[in-house]
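See below for coords_30.tsv, which holds TSV, C-alpha atoms.
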chain	number	residue	atom	x	y	z
Y	156	MET	CA	0.00	0.00	0.00
Y	157	ARG	CA	1.39	3.41	-0.93
Y	158	GLU	CA	2.17	5.98	1.79
Y	159	ILE	CA	0.46	9.34	2.31
Y	160	LYS	CA	2.53	12.23	0.88
Y	161	LYS	CA	2.22	15.97	1.47
Y	162	THR	CA	2.60	16.96	-2.19
Y	163	GLU	CA	-0.79	15.58	-3.37
Y	164	PRO	CA	-4.28	16.48	-2.02
Y	165	LEU	CA	-5.15	14.07	0.78
Y	166	HIS	CA	-8.55	13.02	-0.59
Y	167	SER	CA	-6.93	12.16	-3.94
Y	168	GLN	CA	-4.27	10.03	-2.23
Y	169	VAL	CA	-6.88	8.22	-0.11
Y	170	TYR	CA	-8.94	7.63	-3.27
Y	171	HIS	CA	-5.98	5.97	-5.02
Y	172	ILE	CA	-5.01	3.94	-1.94
Y	173	VAL	CA	-8.52	2.58	-1.34
Y	174	LYS	CA	-9.04	1.97	-5.07
Y	175	GLU	CA	-5.82	-0.04	-5.19
Y	176	MET	CA	-6.93	-2.06	-2.16
Y	177	ILE	CA	-10.30	-2.78	-3.79
Y	178	MET	CA	-8.61	-3.82	-7.04
Y	179	GLU	CA	-6.27	-6.15	-5.16
Y	180	GLY	CA	-9.13	-7.75	-3.25
Y	181	LYS	CA	-8.08	-6.42	0.16
Y	182	TYR	CA	-11.65	-5.18	0.46
Y	183	GLN	CA	-13.97	-7.99	-0.59
Y	184	PRO	CA	-16.92	-7.66	-3.02
Y	185	GLY	CA	-19.98	-6.66	-1.00
Y	186	GLU	CA	-17.93	-5.62	2.05
Y	187	ARG	CA	-19.32	-2.65	4.01
Y	188	MET	CA	-17.00	0.36	3.99
Y	189	VAL	CA	-16.80	2.31	7.25
Y	190	GLU	CA	-15.45	5.88	7.15
Y	191	THR	CA	-14.10	5.85	10.68
Y	192	LYS	CA	-12.25	2.58	10.21
Y	193	VAL	CA	-10.58	3.65	6.93
Y	194	ALA	CA	-9.73	7.08	8.40
Y	195	GLU	CA	-8.12	5.46	11.43
Y	196	ASN	CA	-6.15	2.97	9.32
Y	197	LEU	CA	-4.78	5.71	7.03
Y	198	GLY	CA	-4.36	8.39	9.69
Y	199	VAL	CA	-6.61	10.95	7.97
Y	200	SER	CA	-9.89	12.70	8.78
Y	201	ARG	CA	-13.35	11.28	8.13
Y	202	GLY	CA	-14.02	14.20	5.78
Y	203	THR	CA	-11.03	13.21	3.63
Y	204	VAL	CA	-12.25	9.62	3.47
Y	205	ARG	CA	-15.80	10.78	2.69
Y	206	GLU	CA	-14.54	12.74	-0.34
Y	207	ALA	CA	-12.50	9.73	-1.52
Y	208	PHE	CA	-15.58	7.54	-1.13
Y	209	ARG	CA	-17.57	9.98	-3.30
Y	210	MET	CA	-14.96	9.58	-6.03
Y	211	LEU	CA	-15.06	5.79	-5.74
Y	212	THR	CA	-18.87	5.84	-5.88
Y	213	LYS	CA	-18.62	7.89	-9.08
Y	214	ASP	CA	-16.34	5.13	-10.47
Y	215	ASP	CA	-19.00	2.56	-9.46
Y	216	LEU	CA	-16.47	0.78	-7.28
Y	217	LEU	CA	-18.57	1.61	-4.22
Y	218	ALA	CA	-22.36	1.29	-4.14
Y	219	GLN	CA	-24.74	2.92	-1.69
Y	220	LYS	CA	-27.50	0.88	-0.06
Y	221	GLU	CA	-29.71	2.87	2.29
Y	222	ASN	CA	-27.22	4.71	4.55
Y	223	SER	CA	-24.20	2.47	3.98
Y	224	LEU	CA	-21.52	2.04	1.30
Y	225	PHE	CA	-20.42	-1.35	0.03
Y	226	VAL	CA	-17.70	-2.56	-2.32
Y	227	TYR	CA	-19.06	-3.13	-5.83
Y	228	HIS	CA	-20.43	-6.67	-6.14
Y	229	PRO	CA	-21.68	-7.23	-9.71
Y	230	ASP	CA	-24.03	-10.06	-10.54
Y	231	ALA	CA	-23.59	-12.34	-13.55
Y	232	GLN	CA	-25.62	-10.11	-15.87
Y	233	ASP	CA	-23.62	-7.01	-14.87
Y	234	ILE	CA	-20.42	-8.82	-15.79
Y	235	LEU	CA	-21.71	-9.98	-19.16
Y	236	ASP	CA	-23.03	-6.47	-19.92
Y	237	ILE	CA	-19.63	-4.95	-19.14
Y	238	TYR	CA	-17.85	-7.43	-21.41
Y	239	GLU	CA	-20.29	-6.69	-24.25
Y	240	CYS	CA	-19.52	-2.97	-23.92
Y	241	ARG	CA	-15.83	-3.75	-23.79
Y	242	LYS	CA	-16.06	-5.74	-27.03
Y	243	SER	CA	-17.53	-2.82	-28.99
Y	244	LEU	CA	-15.22	-0.23	-27.45
Y	245	GLU	CA	-11.96	-2.14	-27.83
Y	246	SER	CA	-12.74	-3.29	-31.36
Y	247	LEU	CA	-13.09	0.36	-32.36
Y	248	SER	CA	-9.94	1.15	-30.40
Y	249	ALA	CA	-7.94	-1.42	-32.40
Y	250	LYS	CA	-9.39	-0.18	-35.69
Y	251	LEU	CA	-8.32	3.41	-34.95
Y	252	ALA	CA	-4.98	2.32	-33.54
Y	253	ALA	CA	-4.12	0.54	-36.81
Y	254	ARG	CA	-4.26	3.95	-38.48
Y	255	ASN	CA	-2.55	6.00	-35.76
Y	256	ILE	CA	-0.13	3.77	-33.84
Y	257	THR	CA	3.50	4.89	-33.68
Y	258	ASP	CA	6.58	2.73	-34.17
Y	259	GLN	CA	7.43	3.26	-30.49
Y	260	GLN	CA	4.01	1.97	-29.43
Y	261	LEU	CA	4.44	-1.07	-31.67
Y	262	GLU	CA	7.77	-1.76	-29.98
Y	263	GLN	CA	6.05	-1.47	-26.58
Y	264	LEU	CA	3.41	-4.01	-27.62
Y	265	GLU	CA	6.05	-6.43	-28.87
Y	266	GLN	CA	7.94	-6.14	-25.58
Y	267	ILE	CA	4.72	-6.71	-23.60
Y	268	ILE	CA	4.04	-9.89	-25.60
Y	269	ASN	CA	7.58	-11.19	-25.00
Y	270	GLU	CA	7.30	-10.50	-21.26
Y	271	SER	CA	3.87	-12.17	-21.23
Y	272	LYS	CA	5.34	-15.36	-22.67
Y	273	LYS	CA	7.96	-15.42	-19.91
Y	274	ALA	CA	5.31	-14.81	-17.23
Y	275	LEU	CA	3.18	-17.58	-18.76
Y	276	ALA	CA	6.07	-20.04	-18.52
Y	277	MET	CA	6.60	-19.36	-14.80
Y	278	PRO	CA	3.52	-19.03	-14.40
Y	279	ASP	CA	2.94	-15.60	-12.80
Y	280	THR	CA	-0.76	-14.67	-12.87
Y	281	GLN	CA	-0.24	-11.28	-11.25
Y	282	LYS	CA	2.37	-10.31	-13.85
Y	283	LEU	CA	0.16	-11.63	-16.66
Y	284	THR	CA	-2.75	-9.50	-15.43
Y	285	SER	CA	-0.54	-6.41	-15.30
Y	286	LEU	CA	0.90	-7.03	-18.79
Y	287	ASN	CA	-2.56	-7.69	-20.21
Y	288	GLN	CA	-3.61	-4.32	-18.81
Y	289	LYS	CA	-0.60	-2.59	-20.41
Y	290	PHE	CA	-1.31	-4.21	-23.78
Y	291	HIS	CA	-4.88	-2.92	-23.93
Y	292	ASP	CA	-3.92	0.49	-22.47
Y	293	THR	CA	-1.29	0.97	-25.18
Y	294	ILE	CA	-3.78	0.22	-27.95
Y	295	ALA	CA	-6.39	2.54	-26.44
Y	296	PHE	CA	-3.90	5.41	-26.28
Y	297	ALA	CA	-2.73	4.60	-29.82
Y	298	SER	CA	-6.29	5.24	-31.05
Y	299	ARG	CA	-5.72	8.97	-30.32
Y	300	ASN	CA	-9.45	9.35	-29.62
Y	301	LYS	CA	-9.85	11.22	-26.32
Y	302	GLN	CA	-13.52	10.30	-25.84
Y	303	LEU	CA	-12.82	6.63	-26.47
Y	304	ILE	CA	-9.89	6.68	-24.02
Y	305	GLN	CA	-12.11	8.18	-21.28
Y	306	LEU	CA	-14.80	5.54	-21.83
Y	307	PHE	CA	-12.14	2.84	-21.96
Y	308	GLU	CA	-10.75	3.88	-18.57
Y	309	VAL	CA	-14.21	3.66	-16.94
Y	310	ILE	CA	-14.93	0.20	-18.38
Y	311	ASN	CA	-11.40	-1.05	-17.86
Y	312	ALA	CA	-11.38	-0.33	-14.12
Y	313	LYS	CA	-14.45	-2.55	-13.76
Y	314	VAL	CA	-13.00	-5.27	-16.01
Y	315	LEU	CA	-9.78	-5.38	-13.98
Y	316	TYR	CA	-11.73	-5.53	-10.73
Y	317	ILE	CA	-13.95	-8.33	-12.07
Y	318	ARG	CA	-10.97	-10.36	-13.28
Y	319	ASN	CA	-9.04	-9.97	-10.01
Y	320	CYS	CA	-11.81	-10.19	-7.42
Y	321	ILE	CA	-14.77	-12.00	-8.98
Y	322	LEU	CA	-13.52	-14.38	-11.67
Y	323	LYS	CA	-10.06	-14.91	-10.11
Y	324	GLU	CA	-8.63	-16.15	-13.40
Y	325	ARG	CA	-5.89	-18.73	-13.39
Y	326	SER	CA	-2.70	-18.65	-15.47
Y	327	GLU	CA	-3.94	-21.27	-17.96
Y	328	SER	CA	-6.75	-18.94	-19.08
Y	329	PHE	CA	-4.08	-16.46	-20.26
Y	330	ALA	CA	-2.39	-18.83	-22.73
Y	331	VAL	CA	-4.89	-18.32	-25.55
Y	332	LEU	CA	-5.18	-14.61	-24.71
Y	333	VAL	CA	-1.43	-14.09	-25.19
Y	334	SER	CA	-1.73	-15.84	-28.55
Y	335	ASP	CA	-4.58	-13.46	-29.42
Y	336	HIS	CA	-2.38	-10.51	-28.48
Y	337	GLU	CA	0.19	-11.65	-31.04
Y	338	GLU	CA	-2.44	-11.72	-33.79
Y	339	ILE	CA	-3.72	-8.27	-32.82
Y	340	PHE	CA	-0.15	-6.95	-32.77
Y	341	LEU	CA	0.55	-8.28	-36.28
Y	342	ALA	CA	-2.63	-6.66	-37.63
Y	343	LEU	CA	-1.58	-3.35	-36.09
Y	344	LYS	CA	1.92	-3.73	-37.48
Y	345	GLU	CA	0.41	-4.29	-40.94
Y	346	ARG	CA	-1.65	-1.09	-40.42
Y	347	ASP	CA	-4.79	-3.06	-41.32
Y	348	PRO	CA	-7.79	-1.45	-39.53
Y	349	ALA	CA	-10.35	-4.10	-40.57
Y	350	LYS	CA	-8.11	-6.99	-39.52
Y	351	ALA	CA	-7.17	-5.32	-36.21
Y	352	GLU	CA	-10.85	-4.73	-35.45
Y	353	GLU	CA	-11.73	-8.34	-36.30
Y	354	LYS	CA	-8.89	-9.80	-34.21
Y	355	MET	CA	-9.73	-7.63	-31.20
Y	356	GLU	CA	-13.43	-8.51	-31.40
Y	357	ALA	CA	-12.57	-12.22	-31.48
Y	358	HIS	CA	-10.18	-11.71	-28.56
Y	359	ILE	CA	-12.78	-10.01	-26.35
Y	360	GLN	CA	-15.37	-12.62	-27.35
Y	361	ARG	CA	-12.95	-15.28	-26.13
Y	362	SER	CA	-12.48	-13.36	-22.87
Y	363	LEU	CA	-16.26	-13.25	-22.52
Y	364	LYS	CA	-16.35	-17.03	-22.97
Y	365	VAL	CA	-13.71	-17.42	-20.23
Y	366	ALA	CA	-15.82	-15.17	-17.99
Y	367	ASN	CA	-18.93	-17.22	-18.72
Y	368	THR	CA	-17.11	-20.45	-17.84
Y	369	ALA	CA	-15.78	-18.99	-14.57
Y	370	LEU	CA	-19.23	-17.68	-13.67
Y	371	SER	CA	-20.82	-21.06	-14.39
Y	372	LYS	CA	-18.31	-22.82	-12.11
Y	373	GLN	CA	-18.99	-20.34	-9.32
Y	374	MET	CA	-22.74	-20.75	-9.73
Y	375	ASP	CA	-22.29	-24.51	-9.28
Y	376	GLU	CA	-20.44	-23.99	-5.98
Y	377	PRO	CA	-22.91	-23.26	-3.16
Y	378	GLU	CA	-20.32	-21.42	-1.10
Y	379	SER	CA	-19.39	-19.04	-3.91
Y	380	SER	CA	-22.02	-16.54	-4.97
Y	381	LEU	CA	-22.00	-13.56	-7.31
Y	382	GLY	CA	-24.77	-11.84	-5.46
Please, can you express the file's structure as C-alpha cells?
Amino acid sequence: MREIKKTEPLHSQVYHIVKEMIMEGKYQPGERMVETKVAENLGVSRGTVREAFRMLTKDDLLAQKENSLFVYHPDAQDILDIYECRKSLESLSAKLAARNITDQQLEQLEQIINESKKALAMPDTQKLTSLNQKFHDTIAFASRNKQLIQLFEVINAKVLYIRNCILKERSESFAVLVSDHEEIFLALKERDPAKAEEKMEAHIQRSLKVANTALSKQMDEPESSLG
C-alpha cells in the first residue's frame, strides 16, 4: 500500500489507496466500507475519506444501499453487460490504432508480448494481469481518440476488478489470450484497420467465454455466490 505524501491532495491520495486495495481484493466484493475505520487505518480525517468515497462511488467501485456504502459486487448479468460494452469499445480502439499507432508503441506491444510469454512459462498470474492491462492500455492510447480513451478507462477499471476479485482467473486462461495478443499486434503492425478490429473482437469474445465459464463454475459452488 502506498504511503500518504504531502505533495498531493489528501482526498486524492486516499482515493488511489482505497481503489488499489479494492482492485487487489483487500476489500472484498460486498464488504461494508466504514469511514471511521478507513480514516483510522490511514491516519486521515473522516471528511477526507468521505470525499474519496464519493470519487469511488462515481467510479461505481462503491455502491450505496440505504445509509451504507459497500464494495461493488456485480451479478452475472452485470459482468456480461460490461464485457459486451468492452467488445464494442476495444474493437473500435484497435481499428483506430491501426491507423494511428507509432513505431514506439508497436515496440512497446512487442515487448509486452515477450514479457507475457515469460510470465506464462513461470507461471505468474499477477504479472500476466498487469501485462494484459498494459497491452490494452497501449492500444487505447494509440487510437488517439480522447472520448474513447475516457470511456475505456471507466470500463477497464471494472474489467480489472472483475478479473481480479470475482472471476479470479488462473494462469492457464491467459495462454490463448497471449496468442490473441500476437495476432492483434501483427494486424496493427500491418496497419490493417479491418483486420485489427476483427482480431480484437474475437479476442474479447474469447475473454467473454472465459468469464462465462468462470461464472458457471462459481454458480455450481454453493459457497461461492456472485450476489
Seminar exercise, completed: Expressed in Å, the length from atom CA of Val173 of chain Y to atom CA of Ile321 of chain Y is 17.6 Å
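If you measure from each of Y:Ser248, Y:Ser167, Y:Phe329, Y:Glu221 to Arg209 of chain Y using only C-alpha atoms, the closest one turns out to be Y:Ser167.
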Problem set entry | Neighbour list for Lys250 of chain Y as a list in words, cut-off 10 Å, all atoms listed in the file, skip fewer than 3 positions in-chain |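 In the requested format, the answer is Glu245, Ser246, Leu247, Ala253, Arg254, Asn255, Ile294, Ser298, Ala342, Leu343, Arg346, Asp347, Pro348, Ala349, Lys350, Ala351, Glu352, Glu353, Lys354 and Met355 of chain Y.
Closest to Tyr227 of chain Y among Y:Leu370, Y:Ile177, Y:Ala330, Y:Ala252 is Y:Ile177, based on all atoms listed in the file.
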Problem set entry | Residues within 12 Å of (6.3, -4.9, -26.2), counting only C-alpha atoms, listed as a VMD selection string | chain Y and resid 258 to 272 286 to 287 289 to 291 293 to 294 336 to 337 340
Exercise. Of the residues Y:Val314, Y:Met188, Y:Val226, Y:Val199, which is the one nearest to Gln168 of chain Y, using all atoms listed in the file?
Worked result: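 Ranking Y:Val314, Y:Met188, Y:Val226, Y:Val199 by distance to Gln168 of chain Y, first place goes to Y:Val199.
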Seminar exercise, completed: Of Y:Ala218, Y:Leu251, Y:Leu322, Y:Val204, the one nearest to Asn367 of chain Y when counting only C-alpha atoms is Y:Leu322
Write out, as JSON lines, each residue of segment 278-329 of chain Y that has an atom at most 10 Å from segment 230-241 of chain Y, together with the closest pair of atoms and their distance in Å to one decimal, counting all atoms listed in the file, rows going by chain and rising number.
{"residue": "Y:Leu306", "atom": "CA", "partner": "Y:Arg241", "partner_atom": "CA", "distance": 9.6}
{"residue": "Y:Phe307", "atom": "CA", "partner": "Y:Arg241", "partner_atom": "CA", "distance": 7.8}
{"residue": "Y:Ile310", "atom": "CA", "partner": "Y:Arg241", "partner_atom": "CA", "distance": 6.8}
{"residue": "Y:Asn311", "atom": "CA", "partner": "Y:Arg241", "partner_atom": "CA", "distance": 7.9}
{"residue": "Y:Lys313", "atom": "CA", "partner": "Y:Ile237", "partner_atom": "CA", "distance": 7.8}
{"residue": "Y:Val314", "atom": "CA", "partner": "Y:Ile237", "partner_atom": "CA", "distance": 7.3}
{"residue": "Y:Ile317", "atom": "CA", "partner": "Y:Ile234", "partner_atom": "CA", "distance": 7.5}
{"residue": "Y:Arg318", "atom": "CA", "partner": "Y:Ile234", "partner_atom": "CA", "distance": 9.9}
{"residue": "Y:Ile321", "atom": "CA", "partner": "Y:Ile234", "partner_atom": "CA", "distance": 9.4}
{"residue": "Y:Leu322", "atom": "CA", "partner": "Y:Ile234", "partner_atom": "CA", "distance": 9.8}
Kindly export the residues of the current selection with C-alpha atoms, as a tab-separated table (two decimals), in the coordinates of the input.
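In the end it all went to result-v5.tsv:
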chain	number	residue	atom	x	y	z
Y	306	LEU	CA	-14.80	5.54	-21.83
Y	307	PHE	CA	-12.14	2.84	-21.96
Y	310	ILE	CA	-14.93	0.20	-18.38
Y	311	ASN	CA	-11.40	-1.05	-17.86
Y	313	LYS	CA	-14.45	-2.55	-13.76
Y	314	VAL	CA	-13.00	-5.27	-16.01
Y	317	ILE	CA	-13.95	-8.33	-12.07
Y	318	ARG	CA	-10.97	-10.36	-13.28
Y	321	ILE	CA	-14.77	-12.00	-8.98
Y	322	LEU	CA	-13.52	-14.38	-11.67
